[in-house]
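For reference, the structure is listed below as structure tokens.
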Amino acid sequence: MIQLKTEAEVELMRAAGLVVGRTLERVRDAAVPGVTTAELDELAESEIRAAGAIPSFKGYQPHPSIPPFPGSICASVNDEIVHGIPGSRRLDEGDIVSIDCGAILEGWHGDAAVTVGVGEVAPEHAELLRVCEEALWRAFAAARLGGRVTDLGHAIESYVATQGEYGIVEEYTGHGIGTEMHQMPHVPNYGRPGRGPRLEPGLVLAVEPMLNLGTRHTRQLDDGWTVVTADGAWSAHFEHTFTLTASGPWVLTAVDGGAARLAALGATAATG
Ligand code: MG
Ligand code: MG
């Protein structure tokens, strides 16, 4: 069930990851007051295709009862947690928007997400974003060859618990990734360490904490996709695709491979 990649395959996933990472940097810069989420979607699609890759979200249909996803990104604004459909909504000063992006290059997937503050955001929203992103990097810094998949979620939950009253979403998790966007194993963002599959060379995971300012509970909108917080509180989402090598974690969707953020946590990134 778990697809372990060869070193050569991980290199191909790095190339796909770079397409995603560079696309998200462009979209992040474009997420300013007045832009629509459809415009961000068009930008992402053109960036992905210019790199010779395919937007993996476009037309994605996990089940026949759900309409195919129409966008190349998910754009989830404010109380929307994940899977928001890009459209005519204009971003306002103070909004926060999660941009989730996936690309396929030579058959290999990359998947990452960033939540962006639009213009100046309220301090509690800036802090929500900071805690969620930091929790993701704490997971990578805690990951060790020979450890277990639940070590990642434990690192996320442990860090978040020291930072305030946040709800960690449980219904949606990270995942294995490779020749399909979603593979085994599930990567929950909470729980006890030392469980689940072993972290071993060739295991590639997308880790994606979703953090709410209110309770952890979620609700699905009638569009079949958009997931919002049950209590209307705002939510953040960060994601990267990563693997472990003998020299450390390699964050395949970070343009620098994770070097800067891991160094800040006293961890060493793989050189690739
Ligand atoms: Mg994603
Ligand atoms: Mg994902």
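Residue numbers start at 1 in each chain; chains themselves are named A, B, ... in the order of the structure tokens; ligands are numbered from 1 in the order shown.
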
Open item on the list: Any residue with an atom at most 12 Å from ligand 2 counts, using only C-alpha atoms and all ligand atoms. Which are they? Put them as a PyMOL selection string.
Closed with: chain A and resi 20+56-57+73-74+82-83+99-103+109-114+172-178+180-188+204-210+237-242+253

Give me a file of those residues, with N, CA and C atoms, as a short mmCIF file (atom, residue, chain, number, x, y, z; two decimals), in the first residue's frame.
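Contents of the output file part-v3.cif:
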data_model
loop_
_atom_site.label_atom_id
_atom_site.label_comp_id
_atom_site.auth_asym_id
_atom_site.auth_seq_id
_atom_site.Cartn_x
_atom_site.Cartn_y
_atom_site.Cartn_z
N VAL A 20 5.53 23.44 -7.82
CA VAL A 20 4.51 23.85 -6.86
C VAL A 20 5.03 24.99 -5.97
N SER A 56 -2.75 19.31 -10.91
CA SER A 56 -3.37 18.03 -10.53
C SER A 56 -4.76 18.19 -9.95
N PHE A 57 -5.09 19.40 -9.46
CA PHE A 57 -6.42 19.56 -8.85
C PHE A 57 -7.50 19.66 -9.92
N ILE A 73 -6.07 25.61 -8.19
CA ILE A 73 -5.77 25.77 -6.77
C ILE A 73 -7.06 25.61 -5.99
N CYS A 74 -6.93 25.31 -4.71
CA CYS A 74 -8.02 25.55 -3.77
C CYS A 74 -7.74 26.89 -3.12
N VAL A 82 -10.34 24.35 3.96
CA VAL A 82 -9.69 23.76 2.78
C VAL A 82 -10.72 23.56 1.67
N HIS A 83 -10.23 23.29 0.47
CA HIS A 83 -11.02 22.85 -0.69
C HIS A 83 -11.97 23.92 -1.22
N ILE A 99 -4.06 29.01 -0.02
CA ILE A 99 -3.89 28.60 -1.41
C ILE A 99 -3.23 27.22 -1.38
N ASP A 100 -3.94 26.24 -1.88
CA ASP A 100 -3.44 24.87 -1.95
C ASP A 100 -3.21 24.56 -3.42
N CYS A 101 -2.07 23.95 -3.74
CA CYS A 101 -1.67 23.81 -5.14
C CYS A 101 -1.01 22.46 -5.35
N GLY A 102 -1.36 21.81 -6.46
CA GLY A 102 -0.72 20.55 -6.80
C GLY A 102 -0.35 20.52 -8.27
N ALA A 103 0.77 19.86 -8.57
CA ALA A 103 1.21 19.75 -9.96
C ALA A 103 1.79 18.37 -10.20
N HIS A 109 3.88 13.73 -8.43
CA HIS A 109 3.08 14.82 -7.85
C HIS A 109 3.86 15.63 -6.81
N GLY A 110 3.51 16.92 -6.77
CA GLY A 110 3.88 17.78 -5.64
C GLY A 110 2.61 18.41 -5.10
N ASP A 111 2.58 18.70 -3.81
CA ASP A 111 1.37 19.22 -3.16
C ASP A 111 1.81 20.11 -2.00
N ALA A 112 1.35 21.35 -2.00
CA ALA A 112 1.72 22.26 -0.92
C ALA A 112 0.65 23.33 -0.79
N ALA A 113 0.63 23.97 0.37
CA ALA A 113 -0.34 25.04 0.62
C ALA A 113 0.28 26.08 1.53
N VAL A 114 -0.21 27.30 1.35
CA VAL A 114 0.23 28.40 2.19
C VAL A 114 -0.99 29.26 2.49
N TYR A 172 -9.48 15.94 8.22
CA TYR A 172 -8.63 15.97 7.03
C TYR A 172 -7.19 15.86 7.50
N THR A 173 -6.39 15.11 6.76
CA THR A 173 -5.04 14.80 7.22
C THR A 173 -4.05 14.94 6.07
N GLY A 174 -2.78 14.88 6.41
CA GLY A 174 -1.77 14.72 5.39
C GLY A 174 -1.80 13.30 4.84
N HIS A 175 -0.88 13.02 3.91
CA HIS A 175 -1.00 11.78 3.14
C HIS A 175 0.31 11.44 2.45
N GLY A 176 0.45 10.17 2.14
CA GLY A 176 1.50 9.78 1.21
C GLY A 176 1.24 10.39 -0.14
N ILE A 177 2.31 10.54 -0.94
CA ILE A 177 2.17 11.16 -2.26
C ILE A 177 3.26 10.59 -3.17
N GLY A 178 2.94 10.46 -4.45
CA GLY A 178 3.92 9.90 -5.38
C GLY A 178 3.37 9.94 -6.79
N GLU A 180 0.38 9.14 -7.41
CA GLU A 180 -0.95 9.72 -7.20
C GLU A 180 -0.80 10.80 -6.14
N MET A 181 -1.75 11.74 -6.16
CA MET A 181 -1.69 12.82 -5.17
C MET A 181 -1.92 12.29 -3.76
N HIS A 182 -2.87 11.38 -3.63
CA HIS A 182 -3.20 10.85 -2.31
C HIS A 182 -2.88 9.37 -2.23
N GLN A 183 -1.90 9.05 -1.39
CA GLN A 183 -1.52 7.66 -1.18
C GLN A 183 -1.54 7.38 0.33
N MET A 184 -1.38 6.14 0.67
CA MET A 184 -1.17 5.78 2.06
C MET A 184 0.25 6.18 2.45
N PRO A 185 0.50 6.49 3.71
CA PRO A 185 -0.43 6.45 4.83
C PRO A 185 -1.11 7.81 5.07
N HIS A 186 -2.16 7.81 5.89
CA HIS A 186 -2.69 9.06 6.42
C HIS A 186 -1.69 9.65 7.40
N VAL A 187 -1.64 10.97 7.43
CA VAL A 187 -0.73 11.66 8.35
C VAL A 187 -1.55 12.63 9.21
N PRO A 188 -2.07 12.15 10.34
CA PRO A 188 -2.89 13.02 11.18
C PRO A 188 -2.04 14.13 11.82
N VAL A 204 7.55 9.39 0.98
CA VAL A 204 7.30 10.81 0.71
C VAL A 204 5.91 11.15 1.22
N LEU A 205 5.83 12.19 2.04
CA LEU A 205 4.59 12.54 2.70
C LEU A 205 4.26 14.01 2.47
N ALA A 206 2.97 14.29 2.31
CA ALA A 206 2.47 15.66 2.35
C ALA A 206 1.90 15.87 3.75
N VAL A 207 2.46 16.83 4.46
CA VAL A 207 2.04 17.12 5.83
C VAL A 207 1.30 18.45 5.80
N GLU A 208 0.11 18.52 6.41
CA GLU A 208 -0.72 19.71 6.21
C GLU A 208 -1.63 20.02 7.39
N PRO A 209 -1.06 20.65 8.43
CA PRO A 209 -1.91 21.06 9.56
C PRO A 209 -2.94 22.11 9.15
N MET A 210 -4.16 21.96 9.69
CA MET A 210 -5.24 22.94 9.55
C MET A 210 -5.61 23.38 10.96
N HIS A 237 -4.04 27.00 7.04
CA HIS A 237 -3.63 25.71 6.47
C HIS A 237 -2.28 25.89 5.79
N PHE A 238 -1.31 25.11 6.20
CA PHE A 238 0.00 25.10 5.54
C PHE A 238 0.35 23.66 5.19
N GLU A 239 1.02 23.48 4.08
CA GLU A 239 1.37 22.13 3.64
C GLU A 239 2.68 22.13 2.86
N HIS A 240 3.47 21.09 3.07
CA HIS A 240 4.61 20.81 2.20
C HIS A 240 4.70 19.31 1.98
N THR A 241 5.30 18.95 0.85
CA THR A 241 5.66 17.57 0.54
C THR A 241 7.11 17.37 0.95
N PHE A 242 7.40 16.31 1.72
CA PHE A 242 8.78 16.12 2.18
C PHE A 242 9.16 14.65 2.22
N THR A 253 8.77 20.71 -1.73
CA THR A 253 7.99 21.83 -2.27
C THR A 253 8.46 23.18 -1.74
#

Might you pull out every residue within 9 Å of Ala38 (chain A), with only C-alpha atoms counted and same-chain residues fewer than 5 positions away left off, and present them as an mmCIF file with all heavy atoms, in the first residue's frame?
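Okay, this is what ended up in part.cif:
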data_model
loop_
_atom_site.group_PDB
_atom_site.id
_atom_site.type_symbol
_atom_site.label_atom_id
_atom_site.label_comp_id
_atom_site.auth_asym_id
_atom_site.auth_seq_id
_atom_site.Cartn_x
_atom_site.Cartn_y
_atom_site.Cartn_z
ATOM 1 N N LEU A 43 -3.451 32.514 -12.631
ATOM 2 C CA LEU A 43 -2.006 32.707 -12.485
ATOM 3 C C LEU A 43 -1.326 31.371 -12.173
ATOM 4 O O LEU A 43 -0.301 31.020 -12.785
ATOM 5 C CB LEU A 43 -1.734 33.715 -11.365
ATOM 6 C CG LEU A 43 -0.268 33.888 -10.957
ATOM 7 C CD1 LEU A 43 0.562 34.432 -12.112
ATOM 8 C CD2 LEU A 43 -0.148 34.807 -9.726
ATOM 9 N N GLY A 71 -10.855 24.045 -10.354
ATOM 10 C CA GLY A 71 -9.710 24.948 -10.305
ATOM 11 C C GLY A 71 -8.374 24.233 -10.318
ATOM 12 O O GLY A 71 -8.293 23.009 -10.177
ATOM 13 N N ALA A 75 -8.759 27.732 -3.056
ATOM 14 C CA ALA A 75 -8.633 29.046 -2.417
ATOM 15 C C ALA A 75 -9.672 29.120 -1.305
ATOM 16 O O ALA A 75 -10.870 29.169 -1.579
ATOM 17 C CB ALA A 75 -8.851 30.154 -3.441
ATOM 18 N N ILE A 85 -13.392 26.658 -3.667
ATOM 19 C CA ILE A 85 -13.379 26.723 -5.138
ATOM 20 C C ILE A 85 -13.067 28.154 -5.560
ATOM 21 O O ILE A 85 -13.751 29.084 -5.148
ATOM 22 C CB ILE A 85 -14.744 26.272 -5.704
ATOM 23 C CG1 ILE A 85 -15.026 24.821 -5.298
ATOM 24 C CG2 ILE A 85 -14.790 26.443 -7.219
ATOM 25 C CD1 ILE A 85 -16.442 24.349 -5.643
ATOM 26 N N PRO A 86 -12.042 28.364 -6.414
ATOM 27 C CA PRO A 86 -11.754 29.724 -6.860
ATOM 28 C C PRO A 86 -12.902 30.270 -7.692
ATOM 29 O O PRO A 86 -13.553 29.530 -8.448
ATOM 30 C CB PRO A 86 -10.481 29.575 -7.698
ATOM 31 C CG PRO A 86 -10.175 28.130 -7.799
ATOM 32 C CD PRO A 86 -11.121 27.362 -6.947
ATOM 33 N N GLY A 87 -13.142 31.580 -7.564
ATOM 34 C CA GLY A 87 -14.262 32.187 -8.282
ATOM 35 C C GLY A 87 -14.199 33.702 -8.235
ATOM 36 O O GLY A 87 -13.118 34.283 -8.148
ATOM 37 N N SER A 88 -15.373 34.329 -8.250
ATOM 38 C CA SER A 88 -15.456 35.782 -8.408
ATOM 39 C C SER A 88 -15.245 36.542 -7.102
ATOM 40 O O SER A 88 -15.246 37.775 -7.103
ATOM 41 C CB SER A 88 -16.822 36.143 -8.995
ATOM 42 O OG SER A 88 -17.843 35.666 -8.132
ATOM 43 N N ARG A 89 -15.046 35.830 -5.995
ATOM 44 C CA ARG A 89 -14.843 36.523 -4.719
ATOM 45 C C ARG A 89 -13.576 37.379 -4.770
ATOM 46 O O ARG A 89 -12.505 36.899 -5.117
ATOM 47 C CB ARG A 89 -14.721 35.495 -3.593
ATOM 48 C CG ARG A 89 -14.532 36.144 -2.223
ATOM 49 C CD ARG A 89 -14.565 35.113 -1.115
ATOM 50 N NE ARG A 89 -14.525 35.743 0.192
ATOM 51 C CZ ARG A 89 -14.884 35.122 1.324
ATOM 52 N NH1 ARG A 89 -15.304 33.872 1.289
ATOM 53 N NH2 ARG A 89 -14.819 35.765 2.473
ATOM 54 N N ARG A 90 -13.737 38.647 -4.400
ATOM 55 C CA ARG A 90 -12.602 39.566 -4.326
ATOM 56 C C ARG A 90 -12.038 39.563 -2.919
ATOM 57 O O ARG A 90 -12.777 39.676 -1.954
ATOM 58 C CB ARG A 90 -13.048 40.989 -4.678
ATOM 59 C CG ARG A 90 -12.839 41.318 -6.104
ATOM 60 C CD ARG A 90 -13.269 42.714 -6.502
ATOM 61 N NE ARG A 90 -13.745 42.639 -7.874
ATOM 62 C CZ ARG A 90 -12.956 42.425 -8.928
ATOM 63 N NH1 ARG A 90 -11.648 42.319 -8.775
ATOM 64 N NH2 ARG A 90 -13.457 42.318 -10.132
#

Task: For CA of Val228 (chain A) and CA of Arg138 (chain A), the interatomic separation in Å (one decimal) - done: 25.3 Å

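From CA of Gly21 (chain A) back to CA of Ser72 (chain A), the distance works out to 14.0 Å.
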
Task: Contact residues around Gln220 (chain A) with only C-alpha atoms at 12 Å, ignoring same-chain residues under 2 positions, as a ChimeraX atom specification - done: /A:79-84,171-172,217-218,222-230

Write to file, as a tab-separated table (two decimals), in the first residue's frame, the residues of the selection just made, with N, CA and C atoms.
chain	number	residue	atom	x	y	z
A	79	ASP	N	-13.09	31.80	7.14
A	79	ASP	CA	-13.60	30.63	7.88
A	79	ASP	C	-13.58	29.36	7.02
A	80	GLU	N	-13.22	29.49	5.75
A	80	GLU	CA	-13.05	28.29	4.92
A	80	GLU	C	-11.70	27.65	5.27
A	81	ILE	N	-11.72	26.35	5.51
A	81	ILE	CA	-10.51	25.67	5.97
A	81	ILE	C	-9.71	25.17	4.77
A	82	VAL	N	-10.34	24.35	3.96
A	82	VAL	CA	-9.69	23.76	2.78
A	82	VAL	C	-10.72	23.56	1.67
A	83	HIS	N	-10.23	23.29	0.47
A	83	HIS	CA	-11.02	22.85	-0.69
A	83	HIS	C	-11.97	23.92	-1.22
A	84	GLY	N	-11.68	25.21	-0.91
A	84	GLY	CA	-12.48	26.30	-1.46
A	84	GLY	C	-12.30	26.38	-2.97
A	171	GLU	N	-10.64	15.87	10.71
A	171	GLU	CA	-11.30	15.13	9.62
A	171	GLU	C	-10.43	15.03	8.37
A	172	TYR	N	-9.48	15.94	8.22
A	172	TYR	CA	-8.63	15.97	7.03
A	172	TYR	C	-7.19	15.86	7.50
A	217	HIS	N	-14.04	21.71	14.94
A	217	HIS	CA	-15.11	21.07	14.16
A	217	HIS	C	-15.33	21.75	12.81
A	218	THR	N	-15.74	20.94	11.84
A	218	THR	CA	-15.85	21.39	10.45
A	218	THR	C	-17.25	21.12	9.90
A	222	ASP	N	-22.62	22.93	0.50
A	222	ASP	CA	-23.40	22.20	-0.49
A	222	ASP	C	-22.71	22.09	-1.85
A	223	ASP	N	-21.65	22.87	-2.07
A	223	ASP	CA	-20.94	22.77	-3.36
A	223	ASP	C	-20.16	21.46	-3.50
A	224	GLY	N	-20.17	20.66	-2.44
A	224	GLY	CA	-19.50	19.36	-2.49
A	224	GLY	C	-18.02	19.42	-2.15
A	225	TRP	N	-17.48	20.62	-2.01
A	225	TRP	CA	-16.04	20.78	-1.80
A	225	TRP	C	-15.69	21.58	-0.55
A	226	THR	N	-16.17	22.83	-0.51
A	226	THR	CA	-15.66	23.77	0.49
A	226	THR	C	-15.91	23.27	1.91
A	227	VAL	N	-14.85	23.24	2.71
A	227	VAL	CA	-14.95	22.87	4.12
A	227	VAL	C	-14.75	24.13	4.95
A	228	VAL	N	-15.71	24.42	5.84
A	228	VAL	CA	-15.64	25.61	6.69
A	228	VAL	C	-15.61	25.19	8.15
A	229	THR	N	-15.24	26.12	9.01
A	229	THR	CA	-15.31	25.83	10.44
A	229	THR	C	-16.77	25.81	10.87
A	230	ALA	N	-17.10	24.91	11.79
A	230	ALA	CA	-18.49	24.78	12.24
A	230	ALA	C	-18.94	26.03	12.97

DSSP on the backbone: which residues in region 13-138 of chain A end up as strand (DSSP E or B)? Give the answer as a compact mmCIF listing (two decimals) with all heavy atoms, in the first residue's frame.
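Once written, states.txt looks like this:
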# COMPACT_ATOMS: atom_id res chain seq x y z
N THR A 36 -9.37 38.66 -7.41
CA THR A 36 -10.32 37.57 -7.19
C THR A 36 -9.57 36.24 -7.08
O THR A 36 -8.44 36.10 -7.59
CB THR A 36 -11.34 37.44 -8.35
OG1 THR A 36 -10.65 37.00 -9.52
CG2 THR A 36 -12.05 38.76 -8.62
N ILE A 54 1.32 19.68 -15.12
CA ILE A 54 -0.14 19.63 -15.21
C ILE A 54 -0.71 19.96 -13.84
O ILE A 54 -0.23 19.43 -12.83
CB ILE A 54 -0.60 18.21 -15.63
CG1 ILE A 54 -0.04 17.85 -17.00
CG2 ILE A 54 -2.12 18.10 -15.61
CD1 ILE A 54 -0.14 16.36 -17.30
N PRO A 55 -1.71 20.86 -13.77
CA PRO A 55 -2.35 21.13 -12.47
C PRO A 55 -3.16 19.91 -12.02
O PRO A 55 -4.10 19.51 -12.69
CB PRO A 55 -3.27 22.32 -12.74
CG PRO A 55 -3.15 22.67 -14.17
CD PRO A 55 -2.35 21.60 -14.87
N ILE A 73 -6.07 25.61 -8.19
CA ILE A 73 -5.77 25.77 -6.77
C ILE A 73 -7.06 25.61 -5.99
O ILE A 73 -8.16 25.77 -6.54
CB ILE A 73 -5.18 27.17 -6.45
CG1 ILE A 73 -6.13 28.30 -6.91
CG2 ILE A 73 -3.78 27.35 -7.04
CD1 ILE A 73 -5.76 29.68 -6.41
N CYS A 74 -6.93 25.31 -4.71
CA CYS A 74 -8.02 25.55 -3.77
C CYS A 74 -7.74 26.89 -3.12
O CYS A 74 -6.60 27.16 -2.72
CB CYS A 74 -8.08 24.47 -2.69
SG CYS A 74 -8.36 22.80 -3.31
N ALA A 75 -8.76 27.73 -3.06
CA ALA A 75 -8.63 29.05 -2.42
C ALA A 75 -9.67 29.12 -1.31
O ALA A 75 -10.87 29.17 -1.58
CB ALA A 75 -8.85 30.15 -3.44
N SER A 76 -9.22 29.09 -0.07
CA SER A 76 -10.12 28.98 1.07
C SER A 76 -9.94 30.23 1.94
O SER A 76 -8.87 30.45 2.51
CB SER A 76 -9.81 27.71 1.87
OG SER A 76 -9.78 26.58 1.00
N VAL A 77 -10.99 31.05 1.98
CA VAL A 77 -10.91 32.39 2.58
C VAL A 77 -11.51 32.39 3.98
O VAL A 77 -12.62 31.89 4.19
CB VAL A 77 -11.65 33.42 1.68
CG1 VAL A 77 -11.47 34.83 2.23
CG2 VAL A 77 -11.15 33.35 0.24
N GLU A 80 -13.22 29.49 5.75
CA GLU A 80 -13.05 28.29 4.92
C GLU A 80 -11.70 27.65 5.27
O GLU A 80 -10.68 28.34 5.32
CB GLU A 80 -13.10 28.66 3.43
CG GLU A 80 -14.46 29.24 3.03
CD GLU A 80 -14.51 29.83 1.63
OE1 GLU A 80 -13.44 29.91 0.97
OE2 GLU A 80 -15.61 30.22 1.20
N ILE A 81 -11.72 26.35 5.51
CA ILE A 81 -10.51 25.67 5.97
C ILE A 81 -9.71 25.17 4.77
O ILE A 81 -8.52 25.48 4.62
CB ILE A 81 -10.88 24.48 6.90
CG1 ILE A 81 -11.73 24.97 8.08
CG2 ILE A 81 -9.61 23.77 7.38
CD1 ILE A 81 -12.36 23.83 8.89
N VAL A 82 -10.34 24.35 3.96
CA VAL A 82 -9.69 23.76 2.78
C VAL A 82 -10.72 23.56 1.67
O VAL A 82 -11.93 23.65 1.90
CB VAL A 82 -9.03 22.38 3.09
CG1 VAL A 82 -7.76 22.55 3.91
CG2 VAL A 82 -10.00 21.43 3.76
N ARG A 90 -13.74 38.65 -4.40
CA ARG A 90 -12.60 39.57 -4.33
C ARG A 90 -12.04 39.56 -2.92
O ARG A 90 -12.78 39.68 -1.95
CB ARG A 90 -13.05 40.99 -4.68
CG ARG A 90 -12.84 41.32 -6.10
CD ARG A 90 -13.27 42.71 -6.50
NE ARG A 90 -13.75 42.64 -7.87
CZ ARG A 90 -12.96 42.42 -8.93
NH1 ARG A 90 -11.65 42.32 -8.77
NH2 ARG A 90 -13.46 42.32 -10.13
N ILE A 96 -7.70 36.36 5.20
CA ILE A 96 -6.63 35.37 5.08
C ILE A 96 -7.11 34.32 4.07
O ILE A 96 -8.26 33.88 4.11
CB ILE A 96 -6.24 34.73 6.43
CG1 ILE A 96 -7.43 34.03 7.10
CG2 ILE A 96 -5.66 35.79 7.37
CD1 ILE A 96 -7.04 33.25 8.37
N VAL A 97 -6.22 33.93 3.17
CA VAL A 97 -6.62 32.98 2.12
C VAL A 97 -5.61 31.84 2.04
O VAL A 97 -4.41 32.06 1.90
CB VAL A 97 -6.79 33.68 0.75
CG1 VAL A 97 -5.54 34.42 0.30
CG2 VAL A 97 -7.25 32.69 -0.32
N SER A 98 -6.11 30.63 2.20
CA SER A 98 -5.29 29.44 2.01
C SER A 98 -5.27 29.08 0.53
O SER A 98 -6.32 28.94 -0.09
CB SER A 98 -5.87 28.27 2.82
OG SER A 98 -5.49 27.03 2.23
N ILE A 99 -4.06 29.01 -0.02
CA ILE A 99 -3.89 28.60 -1.41
C ILE A 99 -3.23 27.22 -1.38
O ILE A 99 -2.10 27.06 -0.92
CB ILE A 99 -2.97 29.57 -2.17
CG1 ILE A 99 -3.43 31.02 -2.03
CG2 ILE A 99 -2.85 29.14 -3.63
CD1 ILE A 99 -4.72 31.33 -2.71
N ASP A 100 -3.94 26.24 -1.88
CA ASP A 100 -3.44 24.87 -1.95
C ASP A 100 -3.21 24.56 -3.42
O ASP A 100 -4.04 24.89 -4.26
CB ASP A 100 -4.48 23.92 -1.34
CG ASP A 100 -3.93 22.55 -1.00
OD1 ASP A 100 -2.88 22.16 -1.53
OD2 ASP A 100 -4.60 21.86 -0.21
N CYS A 101 -2.07 23.95 -3.74
CA CYS A 101 -1.67 23.81 -5.14
C CYS A 101 -1.01 22.46 -5.35
O CYS A 101 -0.20 22.02 -4.53
CB CYS A 101 -0.69 24.94 -5.47
SG CYS A 101 -0.02 24.89 -7.13
N GLY A 102 -1.36 21.81 -6.46
CA GLY A 102 -0.72 20.55 -6.80
C GLY A 102 -0.35 20.52 -8.27
O GLY A 102 -1.04 21.09 -9.10
N ALA A 103 0.77 19.86 -8.57
CA ALA A 103 1.21 19.75 -9.96
C ALA A 103 1.79 18.37 -10.20
O ALA A 103 2.35 17.74 -9.29
CB ALA A 103 2.26 20.81 -10.28
N ILE A 104 1.65 17.92 -11.45
CA ILE A 104 2.22 16.64 -11.88
C ILE A 104 3.28 16.93 -12.93
O ILE A 104 3.01 17.61 -13.93
CB ILE A 104 1.15 15.74 -12.51
CG1 ILE A 104 -0.09 15.64 -11.62
CG2 ILE A 104 1.72 14.34 -12.80
CD1 ILE A 104 -1.29 15.04 -12.33
N LEU A 105 4.49 16.43 -12.70
CA LEU A 105 5.57 16.57 -13.67
C LEU A 105 6.14 15.18 -13.93
O LEU A 105 6.57 14.50 -12.99
CB LEU A 105 6.66 17.52 -13.13
CG LEU A 105 7.76 17.92 -14.11
CD1 LEU A 105 7.22 18.77 -15.25
CD2 LEU A 105 8.86 18.69 -13.37
N TRP A 108 4.89 12.51 -11.64
CA TRP A 108 5.09 12.61 -10.18
C TRP A 108 4.46 13.87 -9.63
O TRP A 108 4.52 14.93 -10.26
CB TRP A 108 6.59 12.56 -9.86
CG TRP A 108 7.16 11.23 -10.23
CD1 TRP A 108 7.73 10.88 -11.41
CD2 TRP A 108 7.15 10.04 -9.42
NE1 TRP A 108 8.09 9.55 -11.40
CE2 TRP A 108 7.74 9.02 -10.18
CE3 TRP A 108 6.70 9.74 -8.13
CZ2 TRP A 108 7.91 7.72 -9.71
CZ3 TRP A 108 6.87 8.46 -7.64
CH2 TRP A 108 7.46 7.46 -8.42
N HIS A 109 3.88 13.73 -8.43
CA HIS A 109 3.08 14.82 -7.85
C HIS A 109 3.86 15.63 -6.81
O HIS A 109 4.66 15.09 -6.05
CB HIS A 109 1.85 14.24 -7.14
CG HIS A 109 0.79 13.75 -8.06
ND1 HIS A 109 -0.43 14.37 -8.18
CD2 HIS A 109 0.77 12.69 -8.91
CE1 HIS A 109 -1.18 13.70 -9.06
NE2 HIS A 109 -0.46 12.67 -9.51
N GLY A 110 3.51 16.92 -6.77
CA GLY A 110 3.88 17.78 -5.64
C GLY A 110 2.61 18.41 -5.10
O GLY A 110 1.66 18.64 -5.87
N ASP A 111 2.58 18.70 -3.81
CA ASP A 111 1.37 19.22 -3.16
C ASP A 111 1.81 20.11 -2.00
O ASP A 111 2.58 19.65 -1.14
CB ASP A 111 0.55 18.02 -2.66
CG ASP A 111 -0.80 18.39 -2.06
OD1 ASP A 111 -1.23 19.54 -2.20
OD2 ASP A 111 -1.42 17.48 -1.46
N ALA A 112 1.35 21.35 -2.00
CA ALA A 112 1.72 22.26 -0.92
C ALA A 112 0.65 23.33 -0.79
O ALA A 112 -0.14 23.57 -1.71
CB ALA A 112 3.08 22.91 -1.18
N ALA A 113 0.63 23.97 0.37
CA ALA A 113 -0.34 25.04 0.62
C ALA A 113 0.28 26.08 1.53
O ALA A 113 1.15 25.77 2.35
CB ALA A 113 -1.61 24.47 1.27
N VAL A 114 -0.21 27.30 1.35
CA VAL A 114 0.23 28.40 2.19
C VAL A 114 -0.99 29.26 2.49
O VAL A 114 -1.89 29.36 1.66
CB VAL A 114 1.33 29.22 1.46
CG1 VAL A 114 0.83 29.81 0.16
CG2 VAL A 114 1.91 30.28 2.35
N THR A 115 -1.06 29.82 3.69
CA THR A 115 -2.13 30.76 3.97
C THR A 115 -1.51 32.16 4.04
O THR A 115 -0.50 32.37 4.71
CB THR A 115 -2.87 30.42 5.27
OG1 THR A 115 -3.39 29.09 5.15
CG2 THR A 115 -4.03 31.37 5.50
N VAL A 116 -2.14 33.07 3.30
CA VAL A 116 -1.58 34.40 3.09
C VAL A 116 -2.49 35.43 3.74
O VAL A 116 -3.72 35.38 3.56
CB VAL A 116 -1.49 34.70 1.57
CG1 VAL A 116 -0.78 36.03 1.32
CG2 VAL A 116 -0.78 33.58 0.84
N GLY A 117 -1.90 36.37 4.45
CA GLY A 117 -2.65 37.53 4.93
C GLY A 117 -2.77 38.54 3.80
O GLY A 117 -1.78 38.86 3.14

Task: Distance in Å - CA of Asp231 (chain A) versus CA of Ile168 (chain A) - done: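 That distance, rounded to one decimal, is 13.5 Å.
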
Task: Residues within 8 Å of Gln163 (chain A), only C-alpha atoms, excluding chain neighbours under 3 positions, as a list in words - done: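 Skipping anything fewer than 3 positions along the chain leaves Val131, Tyr159 and Val160 of chain A.
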
How would the residues just chosen look if you wrote them out with N, CA and C atoms as a PDB file, in the first residue's frame?
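Below is the file that was written, again-v2.pdb:
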ATOM      1  N   VAL A 131       1.539  30.378  13.888  1.00  0.00           N
ATOM      2  CA  VAL A 131       1.541  29.134  14.672  1.00  0.00           C
ATOM      3  C   VAL A 131       1.357  27.926  13.753  1.00  0.00           C
ATOM      4  N   TYR A 159       3.350  21.418  19.783  1.00  0.00           N
ATOM      5  CA  TYR A 159       3.716  22.825  19.615  1.00  0.00           C
ATOM      6  C   TYR A 159       2.476  23.721  19.727  1.00  0.00           C
ATOM      7  N   VAL A 160       1.412  23.351  19.038  1.00  0.00           N
ATOM      8  CA  VAL A 160       0.204  24.188  19.033  1.00  0.00           C
ATOM      9  C   VAL A 160      -0.326  24.366  20.459  1.00  0.00           C
TER      10      VAL A 160
END

- [ ] Using DSSP on the backbone, list every residue of region 59-249 of chain A that comes out as alpha helix (DSSP H), and give them as a PyMOL selection string.
- [x] chain A and resi 123-142+150-161

Open item on the list: Applying 7 Å and only C-alpha atoms, which residues near Thr268 (chain A) remain after dropping the ones on its own chain fewer than 3 positions away? List them as a PyMOL selection string.
Closed with: chain A and resi 248+262-263

Task: Residue neighbourhood Thr6 (chain A), 9 Å, only C-alpha atoms, exclusion window fewer than 3 positions, as an MDAnalysis selection string - done: chainID A and resid 9:11 201:202

Open item on the list: I'd like the contact shell of Val149 (chain A) - 6 Å cut-off, only C-alpha atoms, skipping same-chain residues fewer than 2 positions apart - returned as a count of residues only.
Closed with: 4

Open item on the list: So, with only C-alpha atoms as the atoms that count, which of A:Val27, A:Pro33, A:Pro68, A:Cys132 lies closest to Gly94 (chain A)?
Closed with: A:Pro33
